[in-house]
$ cat query_18.csv   # CSV, N, CA and C atoms
chain,number,residue,atom,x,y,z
J,1,MET,N,0.8,-1.2,0.0
J,1,MET,CA,0.0,0.0,0.0
J,1,MET,C,0.9,1.2,0.0
J,2,ALA,N,0.5,2.2,-0.9
J,2,ALA,CA,1.3,3.4,-1.0
J,2,ALA,C,1.0,4.4,0.2
J,3,ARG,N,2.0,5.0,0.7
J,3,ARG,CA,1.8,6.0,1.8
J,3,ARG,C,1.8,7.3,1.2
J,4,ARG,N,1.0,8.2,1.7
J,4,ARG,CA,1.0,9.6,1.3
J,4,ARG,C,2.2,10.3,1.8
J,5,LYS,N,2.7,11.1,1.0
J,5,LYS,CA,3.9,11.9,1.3
J,5,LYS,C,3.5,12.9,2.4
J,6,VAL,N,4.3,13.0,3.4
J,6,VAL,CA,4.0,13.9,4.5
J,6,VAL,C,4.8,15.2,4.2
J,7,GLU,N,4.1,16.3,4.2
J,7,GLU,CA,4.8,17.6,3.9
J,7,GLU,C,4.8,18.5,5.1
J,8,GLU,N,5.7,19.4,5.2
J,8,GLU,CA,5.6,20.4,6.2
J,8,GLU,C,4.6,21.4,5.9
J,9,LYS,N,3.6,21.5,6.8
J,9,LYS,CA,2.5,22.5,6.6
J,9,LYS,C,2.1,23.0,8.0
J,10,ASN,N,1.3,24.0,7.9
J,10,ASN,CA,0.8,24.5,9.2
J,10,ASN,C,-0.6,23.8,9.4
J,11,TYR,N,-0.5,22.6,9.9
J,11,TYR,CA,-1.7,21.8,10.0
J,11,TYR,C,-2.7,22.4,11.0
J,12,ASP,N,-2.3,23.0,12.0
J,12,ASP,CA,-3.3,23.6,12.9
J,12,ASP,C,-4.2,24.7,12.2
J,13,GLU,N,-3.5,25.5,11.4
J,13,GLU,CA,-4.2,26.5,10.6
J,13,GLU,C,-5.1,25.9,9.5
J,14,LEU,N,-4.6,24.9,8.8
J,14,LEU,CA,-5.4,24.2,7.8
J,14,LEU,C,-6.6,23.5,8.4
J,15,ILE,N,-6.4,22.9,9.5
J,15,ILE,CA,-7.5,22.2,10.2
J,15,ILE,C,-8.6,23.3,10.6
J,16,GLN,N,-8.1,24.4,11.2
J,16,GLN,CA,-9.1,25.4,11.6
J,16,GLN,C,-9.8,26.0,10.4
J,17,LEU,N,-9.2,26.2,9.3
J,17,LEU,CA,-9.8,26.7,8.1
J,17,LEU,C,-10.9,25.7,7.6
J,18,SER,N,-10.5,24.4,7.6
J,18,SER,CA,-11.4,23.4,7.2
J,18,SER,C,-12.7,23.3,8.1
J,19,GLU,N,-12.5,23.4,9.4
J,19,GLU,CA,-13.6,23.4,10.3
J,19,GLU,C,-14.5,24.6,10.1
J,20,GLU,N,-13.9,25.8,9.8
J,20,GLU,CA,-14.7,27.0,9.6
J,20,GLU,C,-15.5,26.9,8.3
J,21,ARG,N,-14.9,26.3,7.3
J,21,ARG,CA,-15.7,26.1,6.0
J,21,ARG,C,-16.8,25.1,6.3
J,22,ILE,N,-16.6,24.1,7.1
J,22,ILE,CA,-17.7,23.1,7.4
J,22,ILE,C,-18.8,23.8,8.2
J,23,GLU,N,-18.5,24.7,9.1
J,23,GLU,CA,-19.5,25.4,9.9
J,23,GLU,C,-20.3,26.4,9.0
J,24,LYS,N,-19.6,27.0,8.0
J,24,LYS,CA,-20.3,27.9,7.1
J,24,LYS,C,-21.2,27.1,6.2
J,25,LEU,N,-20.8,26.0,5.8
J,25,LEU,CA,-21.6,25.1,4.9
J,25,LEU,C,-22.9,24.7,5.7
J,26,LYS,N,-22.7,24.3,7.0
J,26,LYS,CA,-23.8,23.9,7.8
J,26,LYS,C,-24.8,25.1,8.0
J,27,THR,N,-24.3,26.3,8.2
J,27,THR,CA,-25.1,27.4,8.3
J,27,THR,C,-25.9,27.7,7.0
J,28,ASP,N,-25.2,27.6,5.9
J,28,ASP,CA,-25.8,27.8,4.6
J,28,ASP,C,-26.9,26.8,4.3
J,29,LEU,N,-26.6,25.5,4.7
J,29,LEU,CA,-27.5,24.5,4.5
J,29,LEU,C,-28.8,24.7,5.3
J,30,LYS,N,-28.7,25.1,6.6
J,30,LYS,CA,-29.8,25.4,7.4
J,30,LYS,C,-30.7,26.5,6.8
J,31,ALA,N,-30.0,27.6,6.3
J,31,ALA,CA,-30.7,28.7,5.7
J,31,ALA,C,-31.4,28.2,4.4
J,32,GLU,N,-30.8,27.4,3.6
J,32,GLU,CA,-31.4,26.9,2.4
J,32,GLU,C,-32.6,26.0,2.7
J,33,LYS,N,-32.5,25.2,3.8
J,33,LYS,CA,-33.6,24.3,4.2
J,33,LYS,C,-34.8,25.2,4.6
J,34,ALA,N,-34.5,26.3,5.3
J,34,ALA,CA,-35.6,27.2,5.7
J,34,ALA,C,-36.2,27.9,4.5
J,35,ASN,N,-35.4,28.2,3.6
J,35,ASN,CA,-35.9,28.8,2.3
J,35,ASN,C,-36.8,27.9,1.6
J,36,LEU,N,-36.4,26.6,1.5
J,36,LEU,CA,-37.1,25.6,0.8
J,36,LEU,C,-38.5,25.4,1.5
J,37,LYS,N,-38.6,25.3,2.8
J,37,LYS,CA,-39.8,25.2,3.5
J,37,LYS,C,-40.7,26.4,3.2
J,38,GLN,N,-40.2,27.6,3.2
J,38,GLN,CA,-41.0,28.8,2.9
J,38,GLN,C,-41.5,28.7,1.5
J,39,LEU,N,-40.7,28.3,0.5
J,39,LEU,CA,-41.1,28.2,-0.8
J,39,LEU,C,-42.3,27.2,-1.0
J,40,GLN,N,-42.2,26.1,-0.3
J,40,GLN,CA,-43.2,25.1,-0.3
J,40,GLN,C,-44.5,25.6,0.2
J,41,LYS,N,-44.4,26.3,1.3
J,41,LYS,CA,-45.6,26.9,1.9
J,41,LYS,C,-46.2,28.0,1.0
J,42,ASP,N,-45.4,28.8,0.4
J,42,ASP,CA,-45.8,29.8,-0.6
J,42,ASP,C,-46.5,29.2,-1.8
J,43,GLN,N,-46.0,28.0,-2.3
J,43,GLN,CA,-46.5,27.4,-3.4
J,43,GLN,C,-47.9,26.9,-3.1
J,44,ILE,N,-48.1,26.3,-1.9
J,44,ILE,CA,-49.5,25.9,-1.5
J,44,ILE,C,-50.5,27.0,-1.5
J,45,ARG,N,-50.0,28.1,-0.9
J,45,ARG,CA,-50.9,29.3,-0.8
J,45,ARG,C,-51.2,29.9,-2.2
J,46,TYR,N,-50.2,29.9,-3.1
J,46,TYR,CA,-50.4,30.4,-4.4
J,46,TYR,C,-51.4,29.5,-5.2
J,47,GLU,N,-51.2,28.2,-5.0
J,47,GLU,CA,-52.1,27.3,-5.7
J,47,GLU,C,-53.6,27.5,-5.3
J,48,ALA,N,-53.8,27.7,-4.0
J,48,ALA,CA,-55.1,28.0,-3.4
J,48,ALA,C,-55.6,29.3,-4.0
J,49,TYR,N,-54.8,30.3,-4.1
J,49,TYR,CA,-55.1,31.6,-4.6
J,49,TYR,C,-55.5,31.4,-6.1
J,50,GLU,N,-54.8,30.7,-6.9
J,50,GLU,CA,-55.1,30.5,-8.3
J,50,GLU,C,-56.4,29.8,-8.4
J,51,GLU,N,-56.7,28.8,-7.6
J,51,GLU,CA,-58.0,28.1,-7.7
J,51,GLU,C,-59.1,29.0,-7.3
J,52,GLN,N,-59.0,29.9,-6.4
J,52,GLN,CA,-60.0,30.9,-6.0
J,52,GLN,C,-60.2,31.8,-7.2
J,53,GLN,N,-59.1,32.3,-7.8
J,53,GLN,CA,-59.2,33.2,-8.9
J,53,GLN,C,-60.0,32.5,-10.1
J,54,LYS,N,-59.8,31.3,-10.3
J,54,LYS,CA,-60.5,30.6,-11.4
J,54,LYS,C,-62.0,30.5,-11.0
J,55,LYS,N,-62.3,30.2,-9.8
J,55,LYS,CA,-63.7,30.2,-9.4
J,55,LYS,C,-64.4,31.6,-9.5
J,56,ASP,N,-63.6,32.6,-9.1
J,56,ASP,CA,-64.2,34.0,-9.2
J,56,ASP,C,-64.4,34.3,-10.7
J,57,GLU,N,-63.5,33.9,-11.6
J,57,GLU,CA,-63.7,34.2,-13.0
J,57,GLU,C,-64.9,33.5,-13.5
J,58,GLU,N,-65.1,32.2,-13.1
J,58,GLU,CA,-66.3,31.5,-13.6
J,58,GLU,C,-67.6,32.1,-13.1
J,59,ILE,N,-67.6,32.6,-11.9
J,59,ILE,CA,-68.8,33.3,-11.3
J,59,ILE,C,-69.0,34.5,-12.1
J,60,GLN,N,-68.0,35.3,-12.4
J,60,GLN,CA,-68.1,36.6,-13.1
J,60,GLN,C,-68.7,36.3,-14.5
J,61,LYS,N,-68.1,35.3,-15.2
J,61,LYS,CA,-68.5,34.9,-16.5
J,61,LYS,C,-70.0,34.5,-16.5
J,62,THR,N,-70.4,33.6,-15.5
J,62,THR,CA,-71.8,33.2,-15.4
J,62,THR,C,-72.7,34.4,-15.2
J,63,ALA,N,-72.3,35.3,-14.3
J,63,ALA,CA,-73.1,36.5,-14.1
J,63,ALA,C,-73.3,37.3,-15.4
J,64,GLU,N,-72.2,37.4,-16.1
J,64,GLU,CA,-72.3,38.2,-17.4
J,64,GLU,C,-73.2,37.5,-18.4
J,65,LEU,N,-73.2,36.2,-18.4
J,65,LEU,CA,-74.0,35.4,-19.3
J,65,LEU,C,-75.5,35.6,-18.9
J,66,LEU,N,-75.7,35.5,-17.6
J,66,LEU,CA,-77.1,35.7,-17.1
J,66,LEU,C,-77.7,37.1,-17.5
J,67,VAL,N,-76.8,38.1,-17.3
J,67,VAL,CA,-77.3,39.4,-17.6
J,67,VAL,C,-77.5,39.6,-19.1
J,68,THR,N,-76.7,39.1,-19.9
J,68,THR,CA,-76.8,39.2,-21.4
J,68,THR,C,-77.9,38.3,-22.0
J,69,SER,N,-78.4,37.3,-21.2
J,69,SER,CA,-79.4,36.4,-21.7
J,69,SER,C,-80.8,37.1,-21.9
J,70,GLY,N,-81.0,38.1,-21.1
J,70,GLY,CA,-82.2,38.8,-21.2
J,70,GLY,C,-83.4,38.1,-20.4
J,71,LYS,N,-83.1,37.0,-19.8
J,71,LYS,CA,-84.1,36.2,-19.1
J,71,LYS,C,-84.1,36.7,-17.6
J,72,SER,N,-85.2,36.5,-17.0
J,72,SER,CA,-85.3,36.8,-15.5
J,72,SER,C,-84.6,35.7,-14.7
J,73,LEU,N,-84.3,36.0,-13.5
J,73,LEU,CA,-83.7,35.1,-12.6
J,73,LEU,C,-84.7,33.9,-12.4
J,74,GLU,N,-86.0,34.1,-12.3
J,74,GLU,CA,-86.9,33.0,-12.1
J,74,GLU,C,-86.9,32.1,-13.3
J,75,GLU,N,-86.9,32.7,-14.5
J,75,GLU,CA,-86.8,31.9,-15.7
J,75,GLU,C,-85.6,31.0,-15.8
J,76,ILE,N,-84.5,31.5,-15.4
J,76,ILE,CA,-83.2,30.8,-15.4
J,76,ILE,C,-83.3,29.7,-14.4
J,77,GLU,N,-83.8,30.0,-13.2
J,77,GLU,CA,-84.0,28.9,-12.1
J,77,GLU,C,-84.8,27.8,-12.6
J,78,LYS,N,-86.0,28.1,-13.2
J,78,LYS,CA,-86.9,27.1,-13.8
J,78,LYS,C,-86.2,26.2,-14.8
J,79,PHE,N,-85.4,26.9,-15.7
J,79,PHE,CA,-84.7,26.2,-16.7
J,79,PHE,C,-83.7,25.2,-16.1
J,80,LEU,N,-82.9,25.7,-15.1
J,80,LEU,CA,-81.9,24.8,-14.5
J,80,LEU,C,-82.5,23.7,-13.7
J,81,GLN,N,-83.7,23.9,-13.1
J,81,GLN,CA,-84.3,22.8,-12.3
J,81,GLN,C,-85.0,21.8,-13.2
J,82,GLY,N,-85.4,22.2,-14.3
J,82,GLY,CA,-86.3,21.3,-15.1
J,82,GLY,C,-85.6,20.7,-16.2

$ encode --input "query_18.csv" --output "structure tokens"
Amino acid sequence: MARRKVEEKNYDELIQLSEERIEKLKTDLKAEKANLKQLQKDQIRYEAYEEQQKKDEEIQKTAELLVTSGKSLEEIEKFLQG
């Protein structure tokens, strides 16, 4: 088995730098996980908002059709029931 060549380095400083990078990565990961959770919540809210918008548009369109039909509300109710 080949051995790695040992060189003269400031190992304490290199270890400290590596530990600091690891801590920064952990912090960044936590922040990104929080961002992901918020995005998922926002997506759910947006999808509910979109669905409500579609319903509102359908109601508006239906109301416009009723008004332009020239029929009374009673006539429309009878038509829909029968």

$ atom_distance --input "query_18.csv" --atom1 "CA of Asp56 (chain J)" --atom2 "CA of Ile76 (chain J)"
20.2 Å

$ select_by_dssp --input "query_18.csv" --residues "chain J" --states "alpha helix (DSSP H)" --output "number ranges by chain"
J: 11-69, 73-81

$ atom_distance --input "query_18.csv" --atom1 "atom N of Gln52 (chain J)" --atom2 "CA of Asn35 (chain J)"
24.7 Å

$ atom_distance --input "query_18.csv" --atom1 "atom C of Leu80 (chain J)" --atom2 "CA of Ala63 (chain J)"
15.9 Å

$ decode --input "query_18.csv" --residues "region 3-44 of chain J" --atoms "N, CA and C atoms" --output "short mmCIF file (atom, residue, chain, number, x, y, z; two decimals), in the first residue's frame"
data_model
loop_
_atom_site.label_atom_id
_atom_site.label_comp_id
_atom_site.auth_asym_id
_atom_site.auth_seq_id
_atom_site.Cartn_x
_atom_site.Cartn_y
_atom_site.Cartn_z
N ARG J 3 2.01 4.96 0.71
CA ARG J 3 1.80 5.95 1.77
C ARG J 3 1.82 7.34 1.17
N ARG J 4 0.98 8.18 1.75
CA ARG J 4 0.98 9.58 1.30
C ARG J 4 2.23 10.26 1.80
N LYS J 5 2.74 11.10 0.97
CA LYS J 5 3.94 11.86 1.34
C LYS J 5 3.55 12.91 2.38
N VAL J 6 4.25 12.97 3.44
CA VAL J 6 4.00 13.93 4.50
C VAL J 6 4.83 15.16 4.22
N GLU J 7 4.14 16.29 4.21
CA GLU J 7 4.82 17.55 3.93
C GLU J 7 4.76 18.45 5.15
N GLU J 8 5.65 19.39 5.16
CA GLU J 8 5.65 20.36 6.24
C GLU J 8 4.61 21.43 5.92
N LYS J 9 3.60 21.52 6.76
CA LYS J 9 2.52 22.49 6.58
C LYS J 9 2.10 22.98 7.95
N ASN J 10 1.34 24.04 7.95
CA ASN J 10 0.78 24.54 9.19
C ASN J 10 -0.56 23.82 9.39
N TYR J 11 -0.49 22.62 9.93
CA TYR J 11 -1.66 21.77 10.04
C TYR J 11 -2.73 22.37 10.95
N ASP J 12 -2.34 23.02 12.02
CA ASP J 12 -3.32 23.64 12.91
C ASP J 12 -4.16 24.67 12.17
N GLU J 13 -3.50 25.50 11.37
CA GLU J 13 -4.22 26.52 10.61
C GLU J 13 -5.11 25.88 9.54
N LEU J 14 -4.61 24.88 8.84
CA LEU J 14 -5.39 24.20 7.80
C LEU J 14 -6.61 23.50 8.40
N ILE J 15 -6.43 22.89 9.55
CA ILE J 15 -7.55 22.23 10.23
C ILE J 15 -8.59 23.25 10.64
N GLN J 16 -8.14 24.36 11.20
CA GLN J 16 -9.06 25.41 11.61
C GLN J 16 -9.83 25.96 10.41
N LEU J 17 -9.16 26.21 9.30
CA LEU J 17 -9.83 26.70 8.09
C LEU J 17 -10.87 25.70 7.59
N SER J 18 -10.52 24.44 7.63
CA SER J 18 -11.44 23.40 7.18
C SER J 18 -12.68 23.34 8.09
N GLU J 19 -12.45 23.43 9.39
CA GLU J 19 -13.57 23.42 10.34
C GLU J 19 -14.48 24.64 10.12
N GLU J 20 -13.87 25.79 9.84
CA GLU J 20 -14.65 27.00 9.60
C GLU J 20 -15.49 26.86 8.33
N ARG J 21 -14.91 26.28 7.29
CA ARG J 21 -15.67 26.07 6.05
C ARG J 21 -16.84 25.12 6.28
N ILE J 22 -16.60 24.09 7.08
CA ILE J 22 -17.68 23.14 7.40
C ILE J 22 -18.79 23.84 8.15
N GLU J 23 -18.47 24.68 9.11
CA GLU J 23 -19.49 25.41 9.87
C GLU J 23 -20.28 26.35 8.96
N LYS J 24 -19.58 27.02 8.04
CA LYS J 24 -20.27 27.91 7.10
C LYS J 24 -21.20 27.10 6.22
N LEU J 25 -20.78 25.96 5.75
CA LEU J 25 -21.63 25.11 4.93
C LEU J 25 -22.86 24.65 5.70
N LYS J 26 -22.67 24.31 6.98
CA LYS J 26 -23.81 23.91 7.82
C LYS J 26 -24.81 25.06 7.95
N THR J 27 -24.29 26.26 8.18
CA THR J 27 -25.14 27.44 8.32
C THR J 27 -25.89 27.70 7.01
N ASP J 28 -25.16 27.63 5.90
CA ASP J 28 -25.79 27.84 4.59
C ASP J 28 -26.85 26.78 4.32
N LEU J 29 -26.58 25.55 4.72
CA LEU J 29 -27.54 24.46 4.51
C LEU J 29 -28.82 24.71 5.32
N LYS J 30 -28.66 25.14 6.57
CA LYS J 30 -29.83 25.43 7.40
C LYS J 30 -30.66 26.54 6.78
N ALA J 31 -29.98 27.57 6.29
CA ALA J 31 -30.69 28.70 5.67
C ALA J 31 -31.42 28.23 4.41
N GLU J 32 -30.79 27.40 3.63
CA GLU J 32 -31.42 26.92 2.40
C GLU J 32 -32.60 26.00 2.70
N LYS J 33 -32.50 25.20 3.75
CA LYS J 33 -33.63 24.35 4.15
C LYS J 33 -34.81 25.21 4.58
N ALA J 34 -34.54 26.28 5.32
CA ALA J 34 -35.60 27.20 5.74
C ALA J 34 -36.24 27.86 4.52
N ASN J 35 -35.41 28.25 3.56
CA ASN J 35 -35.90 28.85 2.33
C ASN J 35 -36.78 27.86 1.57
N LEU J 36 -36.37 26.60 1.50
CA LEU J 36 -37.15 25.57 0.82
C LEU J 36 -38.52 25.39 1.47
N LYS J 37 -38.55 25.33 2.80
CA LYS J 37 -39.82 25.19 3.51
C LYS J 37 -40.75 26.36 3.21
N GLN J 38 -40.19 27.57 3.20
CA GLN J 38 -41.00 28.76 2.92
C GLN J 38 -41.53 28.72 1.49
N LEU J 39 -40.69 28.30 0.55
CA LEU J 39 -41.14 28.19 -0.84
C LEU J 39 -42.26 27.18 -0.99
N GLN J 40 -42.16 26.07 -0.29
CA GLN J 40 -43.21 25.06 -0.35
C GLN J 40 -44.53 25.59 0.22
N LYS J 41 -44.44 26.32 1.33
CA LYS J 41 -45.65 26.92 1.91
C LYS J 41 -46.24 27.96 0.96
N ASP J 42 -45.37 28.78 0.37
CA ASP J 42 -45.83 29.80 -0.57
C ASP J 42 -46.50 29.16 -1.79
N GLN J 43 -45.95 28.04 -2.25
CA GLN J 43 -46.53 27.36 -3.40
C GLN J 43 -47.95 26.88 -3.09
N ILE J 44 -48.14 26.32 -1.91
CA ILE J 44 -49.48 25.85 -1.50
C ILE J 44 -50.45 27.02 -1.46
#
